[in-house]
Structure formats: C-alpha cells, structure tokens
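Participant: Provided herewith is a single structure, encoded as structure tokens, for subsequent inquiry.
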Amino acid sequence: MSIEWYLVVSALVFSIGAGGILIRRNPLVILLCLELMLNAGNLALVAFARAHGNQDGQIFALIVMVVAACEVAVGLGLIVAIYRRRLPIDVDELRELQG
Amino acid sequence: MSLETFGWLVVLFPLGGTVLIALTSQVLPSKVHGYLGTVAIALSFASAVGALFALQDLGEEERQVTTVAWNYANTVGVDAQLSLLLDPLSIFMALVVSGVSTLIHLYSVSYMASDRGYTRFFAYLNFFVFSMLLLVLAGNFFFLIVGWAFVGAASYLLISFWYRRETATRAGIKAFVINVVGDVGLVLGTYFLFQGTGSLDFLQAFQAADEFSRNDGDLVAGCLLLLVGAFAKSAQVPLHTWLPDAMEGPTPVSALIHAATMVTAGVYLIARMHPFFEQAPIAADVGAILGCATLLIAATIGLVVTDLKRVIAYSTMSQIGYMIMAVCSAAYVAGLFHLMTHAFFKALLFMAAGSVIAAMAGEQNLDKMGGFRRAMPFTFGAMAIGGLSLSGVPPFSGFFSKDEILATVAARDDWHIVLAVLGYIGALLTAIYTWRMIFRAFYGPPVEPARELEGGHLYHAPEHTNPATGEVEDTDVGFPGPDHHIAEREWSMKVAMSLLAVGAIFAGVLQIPTVTNVLHDFLEPSFADSSFYEELEPSDGATFIGMAVGTVIALAGVALAYRLWVVDGERRRVTALRARLAGVYTFFSRKWYFDEIIDALVVRPFSMFGRFARDVFERVIVNGLLVGGPSGAVRAGSAAVRAVQSGFLRYYAALLLVGVTSLGLYFLIAAS
C-alpha cells in the first residue's frame with residue numbers, strides 16, 4: 001500500500017479531532033479529541049518512518065505517546081478539580097480569563 | 001605626636017562623641033551622655049592646644065601645613081581631597097571654637113538636665129562642634145562647603161530642638177532656607193574662583209590668586225558670591241532675619257551656635273579668602289559697607305526689642321557687623337581678635353540670660369523682669385562683666401578689640417574713615433542697649449520670681465507656656481523640661497560662666513596697643529601674602545585718640561542707660577521719648593520691616609511661582625503631556641488587544657489552527 005492512504009487517514013482523524021475541539025463544550029470530550037489529533041500525528045510519523053525505511057519516526061511516536069499520557073494526566077486532574085469545586089463542566093462557562 | 005595627628009584628633013573627638021552618644025542612647029543612663037559630650041569636646045580642645053604647640057615649633061615660613069587623609073576625587077582637574085590646612089588662622093579658630101564649646105557643654109549638663117531630649121541634645125551639640133571644626137580646619141573648598149552645610153544642618157536641628165513648638169520648627173526652617181541661599185552662594189563663588197585658579201586646594205588657589213587681574217569680573221563675581229555665603233551664615237543685612245528667630249532654640253544653643261561660633265564663620269571665610277578679596281577691592285568694599293550697615297541697623301533694633309534673648313541676638317548681629325567690616329577693610333587681626341573676645345563675652349551674656357530665664361520659669365520678656373540683682377548675685381556679676389566687655393569699657397577685652405577694629409579701619413585713610421565714625425556711633429548704641437537690658441532685668445522693684453528666689457525658692461510657673469505665643473504646653477519630649485536651673489545653684493554652670501568671665505575680662509591683654517602684639521605675630525604666617533597686614537597700622541596718636549573716644553562713648557552710653565532706666569525709676573523720660581518719636585520707634589520695633597520686605601520681594605513671588613508650577617506646570621505639562629501621553633497610548637493599545645482575549649477556549653484553538661494552517665500553506669506554496 002502506498003503512503004498516501006495512511007496520510008489521508010491521518011489527516012482525516014486529525015480533522016475530526018480538531019473539529020471536535022472547536023465544537024464540543026465538555027472538557028472530557030475535548031481531551032479525547034486532543035488524543036485523536038495526537039494519534040493522527042503518530043500515524044503519520046509511523047507511516048513516514050516506514051516509507052523512509054528507518055526507525056526515527058517510530059521512536060518519535062513513542063515519545064509523543066509519553067507526552068500524551070502526561071497531558072491526559074494533567075487534563076483529567078483539572079477536570080476532577082473542576083468537578084470537585086462544583087464548577088460547571090463546560091469550557092464556555094469557564095471563561096474568567098477574558099480580557 | 002605630630003601636628004598632623006593633633007589636627008585630625010581635633011576633628012575626630014567630637015565626631016566620635018556624636019557617634020558614641022547616638023549609639024549608646026538606649027544603653028547608658030542619659031546623665032552620662034552630658035559628661036560624655038563634654039569630655040569629647042574637652043579632648044578636642046586639648047588636641048587643639050597640642051596642635052598649637054606643634055605649630056609653634058615649626059619655623060615661621062613653614063607654619064602652613066596641609067595634611068591629606070585620602071584623595072576623595074581627583075578627576076578632570078578637580079582635586080578634592082580630604083585634607084586639613086593647619087596654619088595659625090585655622091588653629092586659632094579651632095582653639096576658640098573647641099574652648100568655648102567645652103564650657104557651653106559643661107553649662108548645658110546642668111541647664112538641660114530635666115529635659116526629656118537630654119541625650120539627643122548632646123548628640124546634636126557634638127555633631128555641631130564636629131562640623132564647625134571641619135569648617136575651620138578644611139584644607140580645600142570642597143570640605144569647606146561640606147563643613148559649611150553641616151553646621152547649617154546642625155543649626156536647624158538645634159533651633160528646632162523643641163520640635164513640638166510650632167514657633168521653633170518655623171524658626172528652624174527659616175534659618176535653614178536662608179542658610180541654603182548662602183550655601184548656594186558659596187558653591188557658585190567657589191566655581192568662579194576655581195575657574196580662575198584651577199585648584200580647590202586653599203594654598204594652591206591662593207598662590208594662583210595673582211593670575212586674576214585686579215577687579216577682574218570673574219573674581220569680583222566669585223568674591224561677591226562668597227560674601228552671600230558669609231552674610232547668610234553670619235546674619236548680615238539683608239540675610240539676617242533668621243538669627244532673631246533662631247532664639248527659639250535652647251539658650252546654650254544660642255550661646256554656642258548663634259553667638260560664639262557658627263555665626264562667625266563668615267568672618268573666618270573672608271579672612272581665609274583674603275588673597276582674593278585683596279585682588280577684588282570692589283567686593284571687599286561692598287562687604288565692609290554692608291557690615292557697617294548691619295552693625296547700625298541691628299543696634300537700633302536692639303534698643304527697642306523687649307525679648308531678653310533677642311536683644312542679645314541683635315547685639316550679636318551688630319558685633320559681627322564690626323568683624324565683617326574689619327576683615328573686609330583688611331583689618332584681619334582686629335576682626336579675628338574681636339571674634340575671640342566676642343565669643344567669650346557673648347557666650348557669657350547668653351549663659352547669664354539663660355540663668356535669668358530659668359529663674360523666670362521660661363519667660364523671656366524684659367517687661368516682666370526686674371530686680372534680680374539681689375536674688376541672683378552671681379548671674380548679675382556675669383551679666384555685668386559681659387555687658388561691660390560688650391560696651392567696650394576699659395579694661396575689659398571688648399574695649400581693646402573694638403577699638404582696634406575702628407582704629408585700623410580708620411587707618412585706611414580714605415572713605416573708610418566714614419565707616420569708623422559710624423562704628424563709634426554703633427558703639428554708643430551698643431552701650432545703651434546692653435545696659436538697658438541689664439538695668440531692666442536686674443534693677444528696679446523685684447518682680448514675683450525675684451522675691452521668691454530671695455526667699456530661697458525657685459519660681460515655678462503655674463503652667464508651662466510657650467514664651468512667644470503663650471500657648472500651654474506639657475513638659476514631655478519635644479518641649480522644655482519641667483525643672484529650671486539657675487547658675488547660683490549649679491556648680492557646672494558656675495564653672496563655665498566663671499571661666500568665660502575670666503576670658504571676657506583678660507583676653508584683651510593679647511593685643512594692648514603699643515604694649516603687646518601677640519595675636520598679630522601669631523597670625524602672621526597665614527597673612528604673609530597680604531599687602532595690608534604689616535602696612536595697615538594706625539599711628540600711635542590715632543590709636544590713643546581712638547581709645548579715649550571709645551572709652552568716653554562707652555561710659556557715656558552706660559551713664560545714659562543708667563539715667564534712663566535706673567535713676568528715672570518710673571521711666572517717664574523713656575515713655576516721653578517713645579511718644580515723641582513714635583514713628584521711629586515703630587520702625588525700629590518692626591525691625592526696619594525687613595521681614596515684610598523679604599516676604600513681599602522673595603517669599604511671595606516664589607510661593608506664587610510654586611503654586612503656578614504645581615497647578616499649571618505639574619498638572620498640565622507633566623501629568624497631562626509627559627505622563628499622560630505615553631500612558632494613554634499604552635492604555636488604548638491594550639484595550640484593543642484585550643478584546644481578543646475572549647476566554648473561549650475554542651477561539652484560541654481556532655486561531656491556532658488557522659495560524660498554523662496558513663503558515664504551512666504559505667511554505668508549501670513558496671516551496672513549489
């Protein structure tokens with residue numbers, strides 16, 4: 001299979017993730033969409049690694065997973081904190097940092 | 001020890017005293033600090049005596065020693081070093097300052113004993129002596145200015161010593177402001193002289209004084225500006241109005257700063273700068289004429305003032321007028337001799353006045369005094385000795401010094417003779433106002449406090465009041481203490497006054513015409529470059545005529561005062577005279593309207609200018625344009641940028657996406 005198909009799938013998944021972030025209001029779903037975007041990137045990296053025939057891209061993908069794990073930990077922590085303080089679980093309501 | 005060591009010790013002992021008193025103010029009992037301060041100044045005096053002997057050991061040509069501790073700044077041709085100049089003139093001044101200061105410290109130990117600010121008082125007093133010694137021993141213009149400003153600050157602190165009295169704080173501010181005018185004059189004068197001579201060091205600058213041509217514009221300007229400094233510090237017309245107000249300070253302060261030492265700094269300055277003044281006779285003449293004017297103006301005001309301390313203050317102005325007139329007319333020895341004798345008898349007069357004021361429980365008004373002669377014999381004796389010396393009755397010291405001034409000024413053989421004649425008129429006024437004060441305080445029927453004192457009880461006012469305004473005060477810190485101390489009952493006041501009385505009587509033997517010439521010979525090395533020093537010498541005939549005239553005038557003044565205020569117990573003549581000369585009396589008692597004139601010419605225009613600056617310049621230009629312009633721009637810009645911060649997460653994400661996408665697109669298009 002040529003590399004184009006992988007990239008098309010990757011772009012598709014990335015767009016779904018980005019679109020989700022833009023339209024959804026639940027922070028949990030936004031985190032999930034973020035994961036989708038990261039994994040789309042991983043897919044592209046692995047596809048390129050295979051096309052070029054070396055392992056750099058695969059290692060990069062592993063590092064991205066580590067980062068993603070950290071980010072999920074922080075993100076979920078934030079969501080739990082929001083929930084505990086009985087704030088609305090809705091990013092549009094949480095906009096006190098406006099100018 | 002060498003001369004240099006002694007010289008530095010003279011300055012360092014009072015400084016050490018200040019620091020020690022300040023640091024131990026909470027540790028040691030306050031009684032100790034009075035003695036600590038006195039001992040520090042006494043050691044300084046001992047060092048000055050040591051320096052005197054060390055100086056006399058040197059050859060006549062070598063008696064001008066500059067000792068440098070370190071280079072303070074030596075850059076672009078400015079040679080500001082921390083240096084002392086030890087020559088007969090500076091050692092003479094150091095001896096007078098530290099000697100009189102020691103006695104006044106001793107007097108204050110008792111006089112201020114019940115004051116809550118006792119420790120602070122001695123710390124200030126030691127600081128003042130340090131500054132004054134720095135001023136007279138400084139070896140260059142730079143440290144002269146430092147000492148000059150320090151004594152001004154010390155004077156401010158001590159005038160406002162009772163800082164919860166509004167009259168005292170006002171007087172302190174007035175003194176400080178006028179002294180700053182003088183400081184500016186001194187600094188600018190130094191600038192003009194430095195431009196011509198290229199050196200801040202005294203000896204080098206004096207050697208270069210010849211490079212100015214006679215009455216050169218820069219030189220005259222420099223000398224006139226030095227005169228501004230000298231006049232502000234020495235309370236000469238028209239910068240004199242602070243001195244009478246300065247009497248708000250405690251009496252020992254008036255004795256030390258406003259009679260014996262600081263106010264004579266102007267005389268010292270002119271004597272020290274004589275090479276310049278001799279090259280700029282115009283400036284010297286201006287100084288001599290204004291000095292003569294001051295001595296007459298102050299004497300006429302002294303005739304009518306009813307505040308005991310202010311009479312002596314105007315007398316101080318008048319006597320410094322004599323000294324300024326002398327040193328500006330090149331009668332240096334006479335001026336400095338009078339400076340010394342004046343330090344003795346005027347400090348003595350102030351101390352006696354302080355004793356009387358204490359017996360009156362703080363009251364200073366002569367109208368309320370009288371008949372203290374029997375109640376306070378010691379104080380009366382001291383006052384009489386000081387008064388005789390001040391009026392120039394032979395053989396007291398003031399007689400010799402005043403007559404030497406007038407005879408030497410007359411020996412200039414030109415229009416200076418007018419100054420000498422006016423000086424004799426001033427001497428008559430001096431005798432009258434001095435003895436008016438003494439007769440009014442000590443003769444006549446005894447007042448209530450005097451009667452109580454005769455009965456062995458020191459009068460206490462039912463409530464403590466400010467003598468100037470009559471406001472009721474308490475005796476806590478910032479106000480005078482609850483108890484008063486008179487010389488009859490305090491050994492330290494007695495000792496100090498007795499020693500000064502000895503000086504006031506016998507100091508004249510240093511310069512008895514045609515017999516002794518001690519001071520003249522001693523000061524010779526400092527004035528070796530003067531063209532007048534040896535030549536300006538009144539003939540023997542003129543001297544004796546002057547002495548005879550002086551004696552007659554002084555005795556006539558005393559006799560007149562006796563007739564007017566003692567023989568005529570009801571004072572009918574004085575009342576009649578006052579009624580007949582009502583206009584003159586008002587003119588004198590309003591102090592020649594100097595305060596009003598200065599208020600109208602300087603204070604009001606300046607405060608109007610200040611208000612204009614505050615209301616227009618500050619509000620419109622500084623606040624509106626300089627500050628308002630940039631801050632307005634920043635505020636408008638930030639308001640625009642702030643709108644982007646909506647707080648919606650999706651906007652940020654969209655912005656990021658659009659941004660990254662368009663960047664990627666741009667590079668893709670650019671690469672293809």
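Following the order of the structure tokens, chains are lettered A, B, ..., residues in each are numbered from 1, and ligands are numbered from 1.
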Using only C-alpha atoms, determine which residues of chain B fall within 9 Å of chain A; present them as a list in words.
Facilitator: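 Putting it all together, I get Ala639, Val641, Arg642, Ala643, Val644, Gln645, Ser646, Gly647, Phe648, Leu649, Arg650, Tyr651, Ala653, Ala654 and Leu657 of chain B.
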Participant: When DSSP is applied to the backbone of this structure, which of segment 71-270 of chain B are assigned helix (DSSP H, G or I)? Write them out as an MDAnalysis selection string.
Facilitator: chainID B and resid 88:111 118:137 141:159 166:197 202:211 217:233 242:248 251:260 262:270
Participant: List as a list in words the protein and nucleic acid residues near Gln364 of chain B, meaning an atom at most 7 Å away when only C-alpha atoms are counted, but skip any in the same chain fewer than 2 places from it.
Facilitator: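 These residues fall inside the cut-off: Asp307, Leu308, Lys309, Ile357, Gly362, Leu366 and Pro467 of chain B.
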Participant: Just the residues within 8 Å of segment 204-221 of chain B, please, counting only C-alpha atoms, with nothing from its chain fewer than 2 positions along; format it as a PDB file with C-alpha atoms, in the first residue's frame.
Facilitator:
```
ATOM      1  CA  GLY B 189      31.623  81.546  44.330  1.00  0.00           C
ATOM      2  CA  PHE B 192      34.152  81.191  39.794  1.00  0.00           C
ATOM      3  CA  LEU B 193      37.363  81.094  41.816  1.00  0.00           C
ATOM      4  CA  PHE B 194      38.128  77.534  40.723  1.00  0.00           C
ATOM      5  CA  GLY B 196      40.470  81.161  37.553  1.00  0.00           C
ATOM      6  CA  THR B 197      42.861  79.306  39.828  1.00  0.00           C
ATOM      7  CA  GLY B 198      42.363  75.730  38.660  1.00  0.00           C
ATOM      8  CA  SER B 199      42.690  74.282  42.127  1.00  0.00           C
ATOM      9  CA  LEU B 200      40.371  73.579  45.033  1.00  0.00           C
ATOM     10  CA  ASP B 201      43.263  73.390  47.465  1.00  0.00           C
ATOM     11  CA  PHE B 202      43.491  76.601  49.520  1.00  0.00           C
ATOM     12  CA  CYS B 223      34.051  87.178  45.898  1.00  0.00           C
ATOM     13  CA  LEU B 224      30.551  88.656  45.958  1.00  0.00           C
ATOM     14  CA  LEU B 225      29.086  85.156  45.935  1.00  0.00           C
ATOM     15  CA  MET B 273      39.931  84.221  51.395  1.00  0.00           C
ATOM     16  CA  PRO B 275      44.120  86.931  48.820  1.00  0.00           C
ATOM     17  CA  PHE B 276      41.026  87.056  46.613  1.00  0.00           C
ATOM     18  CA  GLN B 279      42.593  91.437  44.435  1.00  0.00           C
ATOM     19  CA  ALA B 280      38.904  92.407  44.279  1.00  0.00           C
ATOM     20  CA  PRO B 281      38.637  95.606  46.356  1.00  0.00           C
ATOM     21  CA  ILE B 282      35.144  96.296  44.976  1.00  0.00           C
ATOM     22  CA  ALA B 283      33.794  93.135  46.620  1.00  0.00           C
TER      23      ALA B 283
END
```
Participant: Any idea what the distance is between atom CA of Leu536 of chain B and atom CA of Ala331 of chain B?
Facilitator: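 If I compute the distance from atom CA of Leu536 of chain B to atom CA of Ala331 of chain B, I get 7.4 Å.
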Participant: Restricting the calculation to only C-alpha atoms: of A:Val67, A:Asp90, A:Ile82, A:Ala11, which residue gets closest to Ala40 of chain A?
Facilitator: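 Closest candidate: A:Ala11.
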Participant: Report as an NGL selection string all protein, DNA and RNA residues lying within 10 Å of Leu31 of chain A, evaluated on only C-alpha atoms, omitting residues in the same chain fewer than 3 positions from it.
Facilitator: :A and (17 or 20-21 or 26-28 or 34-37 or 71-72 or 75-76 or 79)
Participant: Atom CA of Glu524 of chain B and atom CA of Pro394 of chain B, how far apart in Å?
Facilitator: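 According to the coordinates, atom CA of Pro394 of chain B and atom CA of Glu524 of chain B are separated by 26.5 Å.
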Participant: Would you mind reading off the distance between atom CA of Ile312 of chain B and atom CA of Phe479 of chain B, one decimal, in Å?
Facilitator: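 Distance reported for this atom pair: 22.9 Å.
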Participant: For segment 3-18 of chain B, find every residue with an atom within 7 Å (counting only C-alpha atoms), except residues of its own chain fewer than 5 positions away, and show them as a PyMOL selection string.
Facilitator: chain B and resi 36-37+40-41+43-45+47-48+50-51+54-55+67+86+123+126-127+129-130+133-134
Participant: Nearest to Met65 of chain A among A:Met1, A:Val8, A:Leu43, A:Val29, with distances taken over only C-alpha atoms: which residue is it?
Facilitator: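 Closest to Met65 of chain A of all the choices is A:Leu43.
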Participant: If you count only C-alpha atoms, which residues fall within 6 Å of segment 420-427 of chain B, apart from same-chain ones fewer than 5 positions away, as a PyMOL selection string?
Facilitator: chain B and resi 296+406+410
Participant: Using only C-alpha atoms, which of B:Thr190, B:Thr408, B:Ser638, B:Ser672 sits nearest Leu226 of chain B?
Facilitator: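 Checking each of B:Thr190, B:Thr408, B:Ser638, B:Ser672 against Leu226 of chain B, counting only C-alpha atoms, the winner is B:Thr190.
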Participant: As a list in words, please: every residue in segment 19-264 of chain B that DSSP puts in strand (DSSP E).
Facilitator: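 Filtering segment 19-264 of chain B to strand (DSSP E) leaves Val65, Thr66, Thr67, Val68, Ala69, Trp70, Asn71, Tyr72, Ala73, Asn74, Thr75, Val78, Asp79, Ala80, Gln81, Leu82, Ser83, Leu84, Leu85 and Leu86 of chain B.
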